[in-house]
Amino acid sequence: MKATHSREAIIERVLRAIAQEDVRIIAVIVDKQSIMKAPENPEAIYQAAVIRAVRHCVERWPRFDLYLDKRYTKKALRYRLEEVIREALVGVPQEVVLIRQEDSLTRKELQAVDFVAWALFQKYERGEGRFYRIIEDKVLVEELVKRELW
């Protein structure tokens with residue numbers, strides 16, 4: 001289930017269901033329009049956002065399972081992403097983060113996250129906050145990253 005392929009009524013229903021759950025949302029949003037010089041490695045933007053989100057999580061919950069949508073088909077790229085995340089956590093005391101990369105079609109949690117990300121996209125890219133307001137009380141961290149140079 002993907003928010004971009006769903007009707008607004010379905011999106012609203014899913015977001016309301018999420019809002020009823022005992023969850024906290026950590027959101028890191030990258031303002032791509034502020035990037036004047038793109039990084040040599042285009043994946044650096046995604047990696048930086050994931051690292052920031054994971055650090056926010058580790059500060060609050062030193063032990064947790066991290067499920068990421070399986071972004072890469074090549075095992076080497078998936079391993080590199082995990083390596084980058086682990087390198088960023090060096091020196092953080094008592095952190096235990098189990099990283100799993102799975103297809104969102106098999107994980108309902110990742111499908112729910114897609115709806116939350118869609119609501120955030122609507123807020124930041126389209127100036128439409130209607131869907132975001134449904135889950136707003138669940139947002140613990142909402143960080144907007146603006147970097148001109150990578």
# chains A, B, ... in the order shown; residues from 1 in each chain; ligands from 1

call {"tool": "closest_atom_pairs", "arguments": {"of": "range 2-81 of chain A", "to": "range 87-110 of chain A", "cutoff": "12 Å", "atoms": "only C-alpha atoms", "output": "JSON lines"}}
result
{"residue": "A:Lys2", "atom": "CA", "partner": "A:Leu105", "partner_atom": "CA", "distance": 9.0}
{"residue": "A:Ala3", "atom": "CA", "partner": "A:Leu110", "partner_atom": "CA", "distance": 11.4}
{"residue": "A:Val14", "atom": "CA", "partner": "A:Lys108", "partner_atom": "CA", "distance": 11.3}
{"residue": "A:Ile18", "atom": "CA", "partner": "A:Glu109", "partner_atom": "CA", "distance": 10.1}
{"residue": "A:Glu21", "atom": "CA", "partner": "A:Glu109", "partner_atom": "CA", "distance": 11.9}
{"residue": "A:Val23", "atom": "CA", "partner": "A:Glu109", "partner_atom": "CA", "distance": 11.1}
{"residue": "A:Gln47", "atom": "CA", "partner": "A:Ala88", "partner_atom": "CA", "distance": 10.1}
{"residue": "A:Ala48", "atom": "CA", "partner": "A:Ala88", "partner_atom": "CA", "distance": 9.4}
{"residue": "A:Ala49", "atom": "CA", "partner": "A:Ala88", "partner_atom": "CA", "distance": 11.7}
{"residue": "A:Val50", "atom": "CA", "partner": "A:Ala88", "partner_atom": "CA", "distance": 10.3}
{"residue": "A:Ile51", "atom": "CA", "partner": "A:Ala88", "partner_atom": "CA", "distance": 6.7}
{"residue": "A:Arg52", "atom": "CA", "partner": "A:Ala88", "partner_atom": "CA", "distance": 9.0}
{"residue": "A:Ala53", "atom": "CA", "partner": "A:Ala88", "partner_atom": "CA", "distance": 11.3}
{"residue": "A:Val54", "atom": "CA", "partner": "A:Leu89", "partner_atom": "CA", "distance": 8.6}
{"residue": "A:Arg55", "atom": "CA", "partner": "A:Leu89", "partner_atom": "CA", "distance": 7.3}
{"residue": "A:His56", "atom": "CA", "partner": "A:Leu89", "partner_atom": "CA", "distance": 11.0}
{"residue": "A:Cys57", "atom": "CA", "partner": "A:Val97", "partner_atom": "CA", "distance": 9.6}
{"residue": "A:Val58", "atom": "CA", "partner": "A:Glu95", "partner_atom": "CA", "distance": 6.5}
{"residue": "A:Glu59", "atom": "CA", "partner": "A:Val92", "partner_atom": "CA", "distance": 8.7}
{"residue": "A:Arg60", "atom": "CA", "partner": "A:Glu95", "partner_atom": "CA", "distance": 10.3}
{"residue": "A:Trp61", "atom": "CA", "partner": "A:Glu95", "partner_atom": "CA", "distance": 8.3}
{"residue": "A:Pro62", "atom": "CA", "partner": "A:Glu95", "partner_atom": "CA", "distance": 4.6}
{"residue": "A:Arg63", "atom": "CA", "partner": "A:Val96", "partner_atom": "CA", "distance": 4.6}
{"residue": "A:Phe64", "atom": "CA", "partner": "A:Val97", "partner_atom": "CA", "distance": 5.3}
{"residue": "A:Asp65", "atom": "CA", "partner": "A:Leu98", "partner_atom": "CA", "distance": 4.7}
{"residue": "A:Leu66", "atom": "CA", "partner": "A:Ile99", "partner_atom": "CA", "distance": 4.8}
{"residue": "A:Tyr67", "atom": "CA", "partner": "A:Arg100", "partner_atom": "CA", "distance": 4.9}
{"residue": "A:Leu68", "atom": "CA", "partner": "A:Gln101", "partner_atom": "CA", "distance": 4.7}
{"residue": "A:Asp69", "atom": "CA", "partner": "A:Glu102", "partner_atom": "CA", "distance": 5.3}
{"residue": "A:Lys70", "atom": "CA", "partner": "A:Glu102", "partner_atom": "CA", "distance": 4.7}
{"residue": "A:Arg71", "atom": "CA", "partner": "A:Gln101", "partner_atom": "CA", "distance": 7.8}
{"residue": "A:Tyr72", "atom": "CA", "partner": "A:Gln101", "partner_atom": "CA", "distance": 9.0}
{"residue": "A:Thr73", "atom": "CA", "partner": "A:Asp103", "partner_atom": "CA", "distance": 10.2}
{"residue": "A:Lys74", "atom": "CA", "partner": "A:Gln101", "partner_atom": "CA", "distance": 11.8}
{"residue": "A:Lys75", "atom": "CA", "partner": "A:Gln101", "partner_atom": "CA", "distance": 10.3}
{"residue": "A:Leu77", "atom": "CA", "partner": "A:Gln101", "partner_atom": "CA", "distance": 11.1}
{"residue": "A:Arg78", "atom": "CA", "partner": "A:Gln101", "partner_atom": "CA", "distance": 7.5}
{"residue": "A:Tyr79", "atom": "CA", "partner": "A:Gln101", "partner_atom": "CA", "distance": 9.6}
{"residue": "A:Arg80", "atom": "CA", "partner": "A:Glu87", "partner_atom": "CA", "distance": 10.3}
{"residue": "A:Leu81", "atom": "CA", "partner": "A:Gln101", "partner_atom": "CA", "distance": 9.8}

call {"tool": "write_last_selection", "arguments": {"atoms": "C-alpha atoms", "output": "tab-separated table (two decimals), in the first residue's frame"}}
result
chain	number	residue	atom	x	y	z
A	2	LYS	CA	1.43	3.37	-1.04
A	3	ALA	CA	-0.02	6.77	-0.21
A	14	VAL	CA	-4.75	5.36	7.59
A	18	ILE	CA	-1.81	5.85	13.09
A	21	GLU	CA	-1.60	4.20	18.12
A	23	VAL	CA	3.72	5.86	18.37
A	47	GLN	CA	22.28	8.85	3.98
A	48	ALA	CA	22.55	12.17	5.84
A	49	ALA	CA	18.80	12.26	6.46
A	50	VAL	CA	18.74	8.67	7.70
A	51	ILE	CA	21.72	9.31	9.99
A	52	ARG	CA	20.06	12.38	11.51
A	53	ALA	CA	16.83	10.46	12.11
A	54	VAL	CA	18.68	7.52	13.67
A	55	ARG	CA	20.67	9.84	15.95
A	56	HIS	CA	17.42	11.44	17.14
A	57	CYS	CA	16.11	7.95	17.89
A	58	VAL	CA	19.26	6.78	19.68
A	59	GLU	CA	19.16	9.86	21.92
A	60	ARG	CA	15.73	8.76	23.14
A	61	TRP	CA	15.85	4.98	22.79
A	62	PRO	CA	19.40	3.55	22.93
A	63	ARG	CA	18.16	0.11	21.86
A	64	PHE	CA	15.79	-0.33	18.95
A	65	ASP	CA	15.17	-2.13	15.68
A	66	LEU	CA	15.45	0.06	12.60
A	67	TYR	CA	13.45	-1.04	9.57
A	68	LEU	CA	14.33	0.71	6.34
A	69	ASP	CA	12.61	0.24	3.02
A	70	LYS	CA	14.85	-1.88	0.82
A	71	ARG	CA	16.04	0.98	-1.36
A	72	TYR	CA	18.80	-0.88	-3.15
A	73	THR	CA	18.68	-4.11	-5.09
A	74	LYS	CA	22.43	-4.60	-4.82
A	75	LYS	CA	23.58	-6.13	-1.56
A	77	LEU	CA	24.77	-0.79	-1.57
A	78	ARG	CA	22.57	-2.02	1.29
A	79	TYR	CA	25.69	-2.98	3.25
A	80	ARG	CA	27.23	0.45	2.55
A	81	LEU	CA	24.16	2.22	3.92

call {"tool": "residues_around", "arguments": {"residues": "Arg24 in chain A", "least_positions_apart": "2", "cutoff": "8 Å", "atoms": "only C-alpha atoms", "output": "list in words"}}
result
Asp22, Ile26, Lys138, Val139 and Leu140 of chain A

call {"tool": "write_last_selection", "arguments": {"atoms": "C-alpha atoms", "output": "tab-separated table (two decimals), in the first residue's frame"}}
result
chain	number	residue	atom	x	y	z
A	22	ASP	CA	1.06	4.65	20.80
A	26	ILE	CA	10.83	11.32	14.17
A	138	LYS	CA	2.53	12.12	17.34
A	139	VAL	CA	5.50	14.10	15.99
A	140	LEU	CA	8.30	14.15	18.55

call {"tool": "select_by_dssp", "arguments": {"residues": "chain A", "states": "alpha helix (DSSP H)", "output": "PyMOL selection string"}}
result
chain A and resi 8-20+43-60+75-88+108-126+130-135

call {"tool": "select_by_dssp", "arguments": {"residues": "chain A", "states": "strand (DSSP E)", "output": "PyMOL selection string"}}
result
chain A and resi 25-30+63-69+96-102+139-145

call {"tool": "write_last_selection", "arguments": {"atoms": "N, CA and C atoms", "output": "compact mmCIF listing (two decimals), in the first residue's frame"}}
result
# COMPACT_ATOMS: atom_id res chain seq x y z
N ILE A 25 6.74 10.00 16.16
CA ILE A 25 7.28 10.20 14.81
C ILE A 25 8.52 11.08 14.90
N ILE A 26 9.59 10.57 14.33
CA ILE A 26 10.83 11.32 14.17
C ILE A 26 10.94 11.62 12.68
N ALA A 27 10.90 12.88 12.31
CA ALA A 27 10.91 13.26 10.91
C ALA A 27 12.11 14.15 10.60
N VAL A 28 12.85 13.78 9.58
CA VAL A 28 13.93 14.60 9.06
C VAL A 28 13.60 14.88 7.60
N ILE A 29 13.42 16.15 7.30
CA ILE A 29 13.01 16.57 5.97
C ILE A 29 14.16 17.34 5.34
N VAL A 30 14.55 16.97 4.14
CA VAL A 30 15.62 17.67 3.44
C VAL A 30 14.99 18.63 2.44
N ARG A 63 18.28 1.45 22.45
CA ARG A 63 18.16 0.11 21.86
C ARG A 63 16.86 0.03 21.07
N PHE A 64 17.00 -0.19 19.76
CA PHE A 64 15.79 -0.33 18.95
C PHE A 64 16.11 -1.04 17.64
N ASP A 65 15.06 -1.51 17.00
CA ASP A 65 15.17 -2.13 15.68
C ASP A 65 14.81 -1.07 14.65
N LEU A 66 15.67 -0.91 13.67
CA LEU A 66 15.45 0.06 12.60
C LEU A 66 15.09 -0.70 11.33
N TYR A 67 13.89 -0.44 10.83
CA TYR A 67 13.45 -1.04 9.57
C TYR A 67 13.48 0.04 8.51
N LEU A 68 14.25 -0.20 7.47
CA LEU A 68 14.33 0.71 6.34
C LEU A 68 13.74 0.01 5.12
N ASP A 69 13.10 0.81 4.28
CA ASP A 69 12.61 0.24 3.02
C ASP A 69 13.83 -0.18 2.20
N VAL A 96 22.40 0.31 20.67
CA VAL A 96 22.24 -0.98 20.01
C VAL A 96 21.13 -0.80 18.98
N VAL A 97 21.52 -0.71 17.75
CA VAL A 97 20.55 -0.52 16.68
C VAL A 97 20.66 -1.71 15.73
N LEU A 98 19.60 -2.48 15.67
CA LEU A 98 19.54 -3.59 14.72
C LEU A 98 18.92 -3.04 13.44
N ILE A 99 19.66 -3.10 12.35
CA ILE A 99 19.21 -2.52 11.08
C ILE A 99 18.72 -3.63 10.16
N ARG A 100 17.52 -3.41 9.67
CA ARG A 100 16.94 -4.36 8.71
C ARG A 100 16.42 -3.57 7.52
N GLN A 101 16.74 -4.03 6.33
CA GLN A 101 16.24 -3.41 5.12
C GLN A 101 15.31 -4.42 4.44
N GLU A 102 14.04 -4.04 4.36
CA GLU A 102 13.04 -4.97 3.83
C GLU A 102 12.14 -4.27 2.84
N VAL A 139 4.17 13.69 16.44
CA VAL A 139 5.50 14.10 15.99
C VAL A 139 6.33 14.56 17.18
N LEU A 140 7.38 13.83 17.46
CA LEU A 140 8.30 14.15 18.55
C LEU A 140 9.42 15.05 18.07
N VAL A 141 9.93 14.78 16.88
CA VAL A 141 11.00 15.58 16.27
C VAL A 141 10.62 15.84 14.83
N GLU A 142 10.75 17.09 14.43
CA GLU A 142 10.54 17.48 13.03
C GLU A 142 11.66 18.43 12.66
N GLU A 143 12.66 17.89 11.99
CA GLU A 143 13.85 18.66 11.66
C GLU A 143 13.89 18.92 10.15
N LEU A 144 14.00 20.19 9.80
CA LEU A 144 14.13 20.58 8.41
C LEU A 144 15.60 20.88 8.14
N VAL A 145 16.19 20.11 7.22
CA VAL A 145 17.61 20.26 6.90
C VAL A 145 17.75 21.13 5.65

call {"tool": "residues_around", "arguments": {"residues": "Arg133 in chain A", "least_positions_apart": "6", "cutoff": "12 Å", "atoms": "only C-alpha atoms", "output": "PyMOL selection string"}}
result
chain A and resi 12+15-16+19+116+119-120+122-123+139

call {"tool": "atom_distance", "arguments": {"atom1": "CA of Tyr46 in chain A", "atom2": "CA of Glu148 in chain A"}}
result
15.2 Å

call {"tool": "atom_distance", "arguments": {"atom1": "CA of Arg147 in chain A", "atom2": "CA of Asp31 in chain A"}}
result
7.8 Å

call {"tool": "closest_residue", "arguments": {"among": "A:Arg7, A:Ser34, A:Ile135, A:Val84", "to": "Ala112 in chain A", "atoms": "only C-alpha atoms"}}
result
A:Ile135

call {"tool": "atom_distance", "arguments": {"atom1": "CA of Lys146 in chain A", "atom2": "CA of Gln111 in chain A"}}
result
26.7 Å
